[in-house]
>>> print(open('upload-v6.cif').read())   # mmCIF, C-alpha atoms
data_data
#
loop_
_atom_site.label_atom_id
_atom_site.label_comp_id
_atom_site.auth_asym_id
_atom_site.auth_seq_id
_atom_site.Cartn_x
_atom_site.Cartn_y
_atom_site.Cartn_z
CA MET A 1 24.57 -27.24 4.66
CA LYS A 2 21.33 -27.83 6.55
CA VAL A 3 19.75 -31.28 6.32
CA LEU A 4 16.44 -32.66 7.55
CA VAL A 5 16.41 -36.43 8.16
CA ALA A 6 12.78 -37.55 7.95
CA THR A 7 11.74 -41.07 8.93
CA ASN A 8 8.85 -42.99 10.43
CA SER A 9 10.19 -45.20 13.23
CA TYR A 10 13.31 -44.46 15.24
CA PRO A 11 15.01 -45.92 18.36
CA THR A 12 13.17 -44.74 21.48
CA LYS A 13 12.83 -45.95 25.07
CA LYS A 14 9.65 -47.77 24.07
CA ASN A 15 11.22 -49.20 20.90
CA PRO A 16 15.00 -49.29 21.45
CA THR A 17 15.73 -51.72 18.59
CA HIS A 18 13.88 -49.82 15.84
CA GLN A 19 16.09 -48.84 12.89
CA PRO A 20 19.30 -47.94 14.76
CA PHE A 21 21.02 -47.37 11.40
CA ILE A 22 18.94 -44.21 10.91
CA LYS A 23 20.07 -42.97 14.32
CA ASN A 24 23.65 -43.65 13.20
CA ILE A 25 23.11 -41.73 9.95
CA TYR A 26 21.62 -38.77 11.81
CA GLU A 27 24.41 -38.66 14.40
CA GLY A 28 27.08 -39.41 11.78
CA LEU A 29 26.07 -36.41 9.68
CA ARG A 30 26.15 -34.20 12.77
CA ASP A 31 29.62 -35.50 13.65
CA GLU A 32 30.76 -34.48 10.16
CA GLY A 33 29.78 -30.89 10.90
CA LEU A 34 26.46 -30.65 9.06
CA GLU A 35 23.47 -28.89 10.61
CA VAL A 36 21.04 -31.78 10.90
CA GLU A 37 17.57 -32.03 12.37
CA LEU A 38 15.53 -35.18 12.87
CA LEU A 39 11.84 -35.72 12.18
CA TYR A 40 10.19 -39.00 13.15
CA ASN A 41 6.78 -40.33 14.13
CA PRO A 42 6.11 -39.46 17.82
CA TYR A 43 3.88 -42.54 18.03
CA PHE A 44 7.02 -44.56 18.75
CA LYS A 45 7.79 -42.43 21.80
CA PHE A 46 4.59 -43.47 23.50
CA PHE A 47 3.68 -46.95 22.24
CA LYS A 48 5.60 -50.15 21.77
CA SER A 49 5.26 -51.34 18.18
CA ASP A 50 6.74 -54.50 16.65
CA LEU A 51 6.25 -55.68 13.10
CA GLU A 52 3.05 -57.64 12.46
CA THR A 53 1.63 -56.86 15.93
CA GLY A 54 -0.76 -54.03 15.10
CA ASN A 55 -4.40 -53.84 14.06
CA LEU A 56 -6.58 -51.39 12.17
CA PHE A 57 -6.85 -49.04 15.16
CA THR A 58 -3.10 -48.87 15.81
CA SER A 59 -2.42 -48.44 12.09
CA VAL A 60 -4.81 -45.49 11.91
CA LEU A 61 -3.37 -44.00 15.10
CA LYS A 62 0.18 -44.42 13.87
CA THR A 63 -0.66 -42.73 10.56
CA PHE A 64 -2.44 -39.87 12.36
CA PHE A 65 0.62 -39.23 14.57
CA LEU A 66 2.87 -39.24 11.50
CA PHE A 67 0.78 -36.82 9.43
CA PHE A 68 0.14 -34.52 12.39
CA SER A 69 3.84 -34.23 13.27
CA TYR A 70 4.92 -33.74 9.64
CA LEU A 71 2.35 -31.08 8.76
CA PRO A 72 4.01 -28.00 10.36
CA VAL A 73 7.38 -29.07 8.99
CA VAL A 74 6.05 -29.49 5.46
CA ILE A 75 4.17 -26.19 5.48
CA TYR A 76 6.66 -23.96 7.28
CA ARG A 77 9.84 -25.31 8.90
CA ALA A 78 11.21 -27.24 5.92
CA ARG A 79 12.07 -24.01 4.10
CA LYS A 80 15.20 -23.50 6.19
CA PHE A 81 16.85 -26.72 4.94
CA ASP A 82 19.05 -27.26 1.89
CA ILE A 83 18.42 -31.02 1.69
CA LEU A 84 15.42 -33.14 2.65
CA TYR A 85 16.59 -36.70 3.33
CA SER A 86 13.56 -38.99 3.71
CA HIS A 87 13.83 -42.66 4.63
CA ALA A 88 11.15 -44.76 2.90
CA PRO A 89 8.88 -43.51 0.11
CA ILE A 90 5.81 -44.35 2.24
CA TRP A 91 5.09 -42.18 4.13
CA PRO A 92 8.07 -39.92 4.91
CA GLY A 93 9.13 -39.60 1.26
CA PHE A 94 5.60 -38.95 0.04
CA LEU A 95 5.00 -36.21 2.64
CA MET A 96 8.37 -34.59 1.93
CA LEU A 97 7.33 -34.24 -1.72
CA ALA A 98 4.96 -31.49 -0.57
CA ALA A 99 7.80 -29.65 1.19
CA GLN A 100 9.97 -30.14 -1.88
CA LYS A 101 7.27 -28.58 -4.06
CA ILE A 102 6.28 -25.75 -1.71
CA HIS A 103 9.80 -24.60 -0.86
CA GLY A 104 11.81 -25.73 -3.90
CA ILE A 105 14.21 -27.87 -1.87
CA LYS A 106 16.28 -30.81 -3.07
CA HIS A 107 14.77 -34.04 -1.79
CA ILE A 108 16.49 -37.44 -1.58
CA THR A 109 14.42 -40.53 -0.79
CA TYR A 110 16.26 -43.54 0.64
CA VAL A 111 14.55 -46.81 -0.33
CA HIS A 112 15.52 -49.55 2.14
CA GLY A 113 13.46 -52.52 0.99
CA SER A 114 9.86 -52.38 2.19
CA VAL A 115 8.81 -51.42 -1.35
CA ASN A 116 9.61 -54.97 -2.46
CA HIS A 117 6.28 -56.09 -0.94
CA TYR A 118 4.09 -53.49 -2.60
CA VAL A 119 4.38 -54.75 -6.17
CA ASN A 120 2.13 -57.78 -5.79
CA GLN A 121 0.36 -57.21 -2.50
CA HIS A 122 -0.80 -53.59 -2.29
CA SER A 123 -1.52 -51.81 -5.55
CA PHE A 124 -2.38 -48.54 -3.78
CA LEU A 125 0.88 -48.51 -1.82
CA TYR A 126 2.76 -49.46 -4.97
CA LYS A 127 1.36 -46.40 -6.74
CA ILE A 128 2.26 -44.12 -3.83
CA ALA A 129 5.81 -45.49 -3.65
CA ARG A 130 6.27 -45.21 -7.40
CA TYR A 131 4.92 -41.65 -7.42
CA THR A 132 7.35 -40.65 -4.66
CA MET A 133 10.33 -42.19 -6.42
CA HIS A 134 9.48 -40.55 -9.73
CA HIS A 135 8.89 -37.07 -8.29
CA CYS A 136 11.60 -36.65 -5.65
CA THR A 137 14.93 -35.14 -6.73
CA SER A 138 16.95 -38.35 -6.33
CA VAL A 139 16.53 -41.92 -5.11
CA VAL A 140 19.21 -43.82 -3.22
CA THR A 141 19.13 -47.40 -1.97
CA ASN A 142 21.37 -49.83 -0.10
CA SER A 143 22.55 -52.42 -2.67
CA GLU A 144 23.02 -53.15 -6.37
CA TYR A 145 20.33 -55.80 -5.93
CA MET A 146 17.88 -53.06 -4.94
CA VAL A 147 19.00 -50.85 -7.83
CA ARG A 148 18.02 -53.63 -10.24
CA ARG A 149 14.68 -54.25 -8.51
CA LEU A 150 13.72 -50.59 -8.47
CA GLU A 151 14.52 -50.25 -12.14
CA ARG A 152 12.65 -53.44 -13.06
CA GLU A 153 9.58 -53.00 -10.84
CA TYR A 154 9.25 -49.22 -10.51
CA ASP A 155 11.04 -48.01 -13.66
CA CYS A 156 13.18 -45.93 -11.31
CA LYS A 157 16.89 -45.09 -11.48
CA SER A 158 18.76 -45.04 -8.17
CA ALA A 159 22.23 -44.81 -6.67
CA VAL A 160 23.79 -46.95 -3.93
CA ILE A 161 24.80 -45.47 -0.59
CA THR A 162 25.62 -47.94 2.17
CA PRO A 163 23.54 -47.39 5.34
CA GLY A 164 26.75 -47.99 7.30
CA PHE A 165 27.38 -50.11 10.40
CA ASN A 166 28.76 -48.40 13.49
CA GLU A 167 32.41 -49.52 13.46
CA ARG A 168 32.95 -48.08 16.94
CA VAL A 169 30.50 -50.66 18.30
CA PHE A 170 30.84 -53.59 15.90
CA THR A 171 34.54 -54.46 16.08
CA TYR A 172 36.55 -57.67 16.06
CA GLN A 173 37.58 -58.97 19.46
CA SER A 174 39.83 -61.93 20.16
CA ALA A 175 37.96 -63.65 22.98
CA PRO A 176 36.21 -66.94 23.82
CA ARG A 177 33.08 -67.60 21.75
CA PRO A 178 30.76 -69.82 23.81
CA ILE A 179 27.74 -69.33 21.49
CA ASP A 180 27.83 -71.73 18.54
CA LEU A 181 24.88 -70.45 16.50
CA PHE A 182 23.22 -67.05 16.76
CA PHE A 183 20.30 -65.35 15.01
CA ALA A 184 18.86 -61.86 15.57
CA GLY A 185 16.05 -60.16 13.69
CA SER A 186 12.31 -59.81 13.28
CA THR A 187 9.72 -62.54 12.75
CA ILE A 188 8.59 -61.39 9.31
CA ARG A 189 8.53 -64.34 6.93
CA ARG A 190 11.41 -63.30 4.68
CA LYS A 191 13.81 -63.36 7.64
CA GLY A 192 13.70 -67.17 7.48
CA ILE A 193 13.39 -68.12 11.14
CA ARG A 194 10.97 -70.92 10.26
CA LEU A 195 13.52 -72.34 7.81
CA LEU A 196 16.15 -72.38 10.56
CA LEU A 197 13.80 -74.13 12.98
CA GLU A 198 12.90 -76.70 10.33
CA THR A 199 16.59 -77.31 9.74
CA ILE A 200 17.21 -77.93 13.44
CA HIS A 201 14.14 -80.17 13.58
CA GLN A 202 15.10 -82.30 10.58
CA ASN A 203 18.68 -82.66 11.86
CA ARG A 204 17.81 -82.95 15.54
CA ASP A 205 20.25 -85.84 16.18
CA TYR A 206 23.17 -83.69 14.99
CA TYR A 207 22.32 -80.83 17.34
CA GLU A 208 21.75 -83.10 20.31
CA LYS A 209 25.01 -84.99 19.78
CA GLN A 210 27.03 -81.82 19.24
CA ARG A 211 25.44 -80.11 22.28
CA LEU A 212 25.55 -76.78 20.51
CA THR A 213 24.66 -73.50 22.18
CA ILE A 214 21.98 -71.89 20.00
CA LYS A 215 20.59 -68.41 20.65
CA LEU A 216 17.70 -66.98 18.64
CA HIS A 217 16.66 -63.42 19.40
CA PHE A 218 13.63 -62.01 17.62
CA SER A 219 10.40 -60.08 18.06
CA GLY A 220 7.22 -59.52 16.10
CA GLY A 221 3.73 -60.84 15.63
CA ARG A 222 4.80 -64.39 14.73
CA LYS A 223 7.09 -64.89 17.73
CA GLU A 224 4.75 -67.08 19.76
CA ASP A 225 3.86 -69.20 16.72
CA LEU A 226 7.54 -69.86 16.07
CA ILE A 227 8.22 -70.80 19.68
CA GLN A 228 5.17 -73.09 19.65
CA TYR A 229 6.53 -74.75 16.51
CA ALA A 230 9.80 -75.43 18.34
CA ASP A 231 7.82 -76.93 21.25
CA LYS A 232 5.69 -79.15 19.00
CA THR A 233 8.71 -80.46 17.08
CA GLY A 234 10.65 -81.21 20.26
CA ILE A 235 13.59 -78.88 19.65
CA SER A 236 12.86 -76.07 22.13
CA HIS A 237 15.25 -77.60 24.68
CA LEU A 238 18.08 -77.08 22.19
CA ILE A 239 17.44 -73.34 21.80
CA GLU A 240 17.64 -70.26 24.00
CA PHE A 241 15.01 -67.78 22.81
CA GLY A 242 15.20 -64.05 23.51
CA ASP A 243 13.91 -60.66 22.40
CA ARG A 244 15.58 -58.43 19.85
CA LEU A 245 18.75 -56.76 21.10
CA THR A 246 19.94 -53.17 21.31
CA GLU A 247 22.91 -52.23 19.16
CA GLU A 248 25.43 -52.56 21.99
CA THR A 249 24.07 -55.91 23.23
CA LEU A 250 23.87 -57.21 19.67
CA ALA A 251 27.54 -56.39 19.15
CA GLU A 252 28.56 -58.15 22.37
CA THR A 253 26.60 -61.25 21.34
CA HIS A 254 28.21 -61.25 17.88
CA LYS A 255 31.63 -61.13 19.57
CA ALA A 256 30.69 -64.17 21.67
CA SER A 257 29.38 -66.19 18.69
CA LYS A 258 31.10 -68.52 16.26
CA VAL A 259 28.42 -68.50 13.55
CA PHE A 260 25.66 -66.06 12.70
CA ILE A 261 22.75 -67.56 10.75
CA PHE A 262 21.14 -65.28 8.16
CA PRO A 263 18.51 -67.31 6.27
CA SER A 264 16.63 -64.31 4.81
CA SER A 265 14.90 -64.50 1.47
CA GLU A 266 15.23 -61.51 -0.87
CA GLU A 267 17.15 -59.48 1.71
CA PRO A 268 17.77 -55.93 0.40
CA LEU A 269 21.22 -55.85 2.04
CA GLY A 270 21.19 -57.16 5.60
CA LEU A 271 23.22 -54.86 7.83
CA VAL A 272 23.09 -57.38 10.70
CA GLY A 273 25.05 -59.85 8.56
CA ILE A 274 27.73 -57.25 7.89
CA GLU A 275 27.89 -56.45 11.60
CA ALA A 276 28.38 -60.16 12.39
CA ILE A 277 31.36 -60.38 10.02
CA ALA A 278 32.83 -57.18 11.47
CA CYS A 279 32.68 -58.74 14.95
CA GLY A 280 34.45 -61.92 13.83
CA ALA A 281 31.56 -64.36 13.46
CA ALA A 282 31.35 -66.61 10.41
CA LEU A 283 28.24 -65.74 8.42
CA VAL A 284 25.95 -68.43 7.01
CA GLY A 285 23.65 -66.62 4.60
CA SER A 286 21.24 -67.41 1.78
CA ASP A 287 22.29 -66.70 -1.80
CA SER A 288 19.48 -64.17 -2.03
CA GLY A 289 19.22 -60.43 -2.53
CA GLY A 290 22.04 -58.18 -1.40
CA ILE A 291 23.72 -60.71 0.91
CA LYS A 292 25.92 -61.91 -1.94
CA GLU A 293 27.38 -58.42 -2.28
CA TYR A 294 29.45 -58.81 0.88
CA LEU A 295 29.35 -62.53 1.77
CA ILE A 296 32.26 -64.19 -0.07
CA ASP A 297 31.64 -67.93 0.06
CA GLY A 298 34.46 -69.72 1.87
CA LYS A 299 36.18 -66.44 2.79
CA ASN A 300 34.08 -64.53 5.30
CA GLY A 301 31.18 -66.96 5.46
CA PHE A 302 29.20 -69.61 3.62
CA LEU A 303 26.31 -69.30 1.20
CA PHE A 304 23.45 -71.77 0.88
CA LYS A 305 20.59 -72.04 -1.60
CA ASP A 306 17.71 -69.86 -0.50
CA GLY A 307 14.95 -71.96 1.10
CA SER A 308 16.95 -75.21 1.22
CA VAL A 309 16.98 -77.02 4.57
CA GLU A 310 19.60 -79.46 3.30
CA GLU A 311 22.00 -76.77 2.10
CA LEU A 312 21.51 -74.66 5.23
CA GLN A 313 22.47 -77.65 7.37
CA GLN A 314 25.53 -78.32 5.22
CA ALA A 315 26.61 -74.69 5.50
CA ILE A 316 26.18 -74.72 9.30
CA GLU A 317 28.29 -77.86 9.64
CA LYS A 318 30.93 -76.42 7.33
CA ALA A 319 31.06 -73.11 9.24
CA LEU A 320 31.40 -74.81 12.63
CA GLY A 321 33.96 -77.30 11.35
CA ARG A 322 36.14 -74.65 9.75
CA PHE A 323 35.77 -72.03 12.46
CA PRO A 324 39.22 -72.63 14.08
CA GLU A 325 40.81 -71.97 10.68
CA PHE A 326 38.49 -69.01 10.15
CA GLU A 327 39.48 -67.48 13.48
CA LYS A 328 43.19 -67.75 12.72
CA ASN A 329 42.73 -65.43 9.76
CA GLN A 330 41.19 -62.70 11.87
CA PRO A 331 41.08 -59.72 11.99
CA ASP A 332 41.73 -59.71 8.24
CA ILE A 333 38.37 -61.40 7.54
CA SER A 334 36.53 -58.71 9.49
CA GLU A 335 38.22 -56.12 7.26
CA SER A 336 36.32 -57.57 4.28
CA VAL A 337 33.34 -55.35 5.18
CA LYS A 338 35.27 -52.11 5.69
CA ASP A 339 33.47 -50.54 2.71
CA PHE A 340 30.21 -50.72 4.70
CA THR A 341 31.29 -48.71 7.75
CA LEU A 342 29.40 -45.68 9.01
CA SER A 343 32.37 -43.43 8.21
CA GLU A 344 32.29 -44.66 4.61
CA ALA A 345 28.53 -44.11 4.52
CA MET A 346 29.02 -40.52 5.66
CA LYS A 347 31.59 -39.89 2.92
CA GLN A 348 29.22 -41.23 0.29
CA THR A 349 26.23 -39.32 1.68
CA ILE A 350 27.96 -35.95 1.98
CA SER A 351 29.48 -36.34 -1.48
CA PHE A 352 26.01 -37.07 -2.85
CA PHE A 353 24.57 -34.02 -1.07
CA LYS A 354 27.26 -31.76 -2.52
CA GLU A 355 26.74 -33.06 -6.04
CA LEU A 356 23.01 -32.54 -5.72
CA SER A 357 23.25 -29.00 -4.35
#
>>> encode(input="upload-v6.cif", output="structure tokens")
Amino acid sequence: MKVLVATNSYPTKKNPTHQPFIKNIYEGLRDEGLEVELLYNPYFKFFKSDLETGNLFTSVLKTFFLFFSYLPVVIYRARKFDILYSHAPIWPGFLMLAAQKIHGIKHITYVHGSVNHYVNQHSFLYKIARYTMHHCTSVVTNSEYMVRRLEREYDCKSAVITPGFNERVFTYQSAPRPIDLFFAGSTIRRKGIRLLLETIHQNRDYYEKQRLTIKLHFSGGRKEDLIQYADKTGISHLIEFGDRLTEETLAETHKASKVFIFPSSEEPLGLVGIEAIACGAALVGSDSGGIKEYLIDGKNGFLFKDGSVEELQQAIEKALGRFPEFEKNQPDISESVKDFTLSEAMKQTISFFKELS
């Protein structure tokens, strides 16, 4: 079976933290013996690009690179594949529709979550995404939460295939954990960094008395604004700020952390939360989106009401207070996310390919 994995961004030297799960899918399928080729936007080879940092010129340039690199594949090279596996309906999925039509190839579009923003904000992009989902052969997504949203907002049926965390990298390790609280992600609003900073600000006495080690690693267009907020509210001395981490460094930091904070709103799934649990950190996550599909309150982490400073603080205190008990039950707790491993993802994906073909 010959498969083409088509995406927009991809981990490169310029952008090493971009969508490593797609790299894992590509390499995982190859390890399973499939003939797999990769197609991604060459823009990311040459230019650094973080979310919310571009402008009209970079957007146009990025789109030009994407269309230019996809064109020969769509017209000619795609005919040698049995399965087209596009990641995101805009633009990889939309462009692969042409190859699907021209060459009569089965085409699966993986919807990860960006489509959630098109419904109310961008009617044109909504129409493109909906068209792609309704005309490709099959749609897959990463959680039951997303299945419900796609059906409700796009009138689209879909199946769940886990994106898969790399269990060879994200493993439990019995070792000292000097980091009390850890966050890693992008600065887009739904990731909830501002909520976490507000929580630290409003409970500043607690954090100063406890002398907690807090590490927040993020990148994106709002990074400086968030750091300035920490300065203005007098909490920056409590926090160690850093850039987003590569997969290997992220895993090492998870293994050195007691609690991972995941305050996202409407998170499609949240692979970074699963990776934290796999590495033995207690997860504090919002009761929003797909997080509830793997975070079992009181078992492998603690849920709080989405958007609530008070409940986030309570969950943090609970997680830190109960961490010695939590650690005693390892590595069994880490096993709670075994259904989300990369090897399981490959089984699901290959099974889906075979059924489709």
>>> resolve_selection(input="upload-v6.cif", expression="the PyMOL selection byres ((chain A and resi 199-205) around 10)", output="number ranges by chain")
A: 193-198, 206-211, 229-230, 233-236, 238-239, 308-313, 316
>>> atom_distance(input="upload-v6.cif", atom1="atom CA of A:Ser286", atom2="atom CA of A:Phe304")
5.0 Å
>>> resolve_selection(input="upload-v6.cif", expression="the PyMOL selection byres ((chain A and resi 336-340) around 7)", output="number ranges by chain")
A: 162, 164-165, 274, 278, 294, 333-335, 341-342, 344-345
>>> closest_residue(input="upload-v6.cif", among="A:Ser49, A:Gln330, A:Ser158, A:Asn41", to="A:Thr171", atoms="only C-alpha atoms")
A:Gln330
>>> axis_aligned_box(input="upload-v6.cif", around="stretch 307-315 of chain A", padding_each_side="8 Å", output="JSON")
{"center_x": 20.8, "center_y": -75.7, "center_z": 4.2, "size_x": 27.7, "size_y": 23.5, "size_z": 22.3}
>>> decode(input="upload-v6.cif", residues="stretch 178-194 of chain A", atoms="N, CA and C atoms", output="short mmCIF file (atom, residue, chain, number, x, y, z; two decimals), in the first residue's frame")
data_model
loop_
_atom_site.label_atom_id
_atom_site.label_comp_id
_atom_site.auth_asym_id
_atom_site.auth_seq_id
_atom_site.Cartn_x
_atom_site.Cartn_y
_atom_site.Cartn_z
N PRO A 178 12.02 18.21 40.46
CA PRO A 178 12.25 19.53 41.07
C PRO A 178 11.30 20.61 40.57
N ILE A 179 10.62 20.39 39.45
CA ILE A 179 9.70 21.39 38.90
C ILE A 179 8.31 21.14 39.48
N ASP A 180 7.74 22.12 40.13
CA ASP A 180 6.42 21.94 40.74
C ASP A 180 5.30 22.08 39.72
N LEU A 181 5.33 23.15 38.94
CA LEU A 181 4.28 23.42 37.95
C LEU A 181 4.91 23.68 36.60
N PHE A 182 4.34 23.08 35.56
CA PHE A 182 4.90 23.19 34.22
C PHE A 182 3.77 23.40 33.21
N PHE A 183 4.04 24.27 32.25
CA PHE A 183 3.13 24.48 31.12
C PHE A 183 3.95 24.55 29.85
N ALA A 184 3.44 23.97 28.75
CA ALA A 184 4.09 24.08 27.45
C ALA A 184 3.02 24.18 26.38
N GLY A 185 3.18 25.12 25.45
CA GLY A 185 2.19 25.26 24.39
C GLY A 185 2.38 26.56 23.63
N SER A 186 1.35 26.94 22.89
CA SER A 186 1.39 28.17 22.12
C SER A 186 0.62 29.25 22.86
N THR A 187 0.73 30.49 22.37
CA THR A 187 0.10 31.61 23.06
C THR A 187 -1.31 31.91 22.56
N ILE A 188 -1.85 31.08 21.67
CA ILE A 188 -3.21 31.34 21.21
C ILE A 188 -4.16 31.32 22.42
N ARG A 189 -5.22 32.11 22.34
CA ARG A 189 -6.04 32.40 23.50
C ARG A 189 -6.63 31.15 24.15
N ARG A 190 -7.05 30.18 23.33
CA ARG A 190 -7.72 29.01 23.91
C ARG A 190 -6.78 28.14 24.74
N LYS A 191 -5.47 28.36 24.65
CA LYS A 191 -4.53 27.58 25.46
C LYS A 191 -4.54 27.99 26.93
N GLY A 192 -5.09 29.16 27.23
CA GLY A 192 -5.36 29.52 28.62
C GLY A 192 -4.19 30.02 29.44
N ILE A 193 -3.12 30.48 28.80
CA ILE A 193 -1.97 30.96 29.58
C ILE A 193 -2.37 32.16 30.43
N ARG A 194 -3.18 33.05 29.88
CA ARG A 194 -3.60 34.24 30.64
C ARG A 194 -4.36 33.82 31.90
#
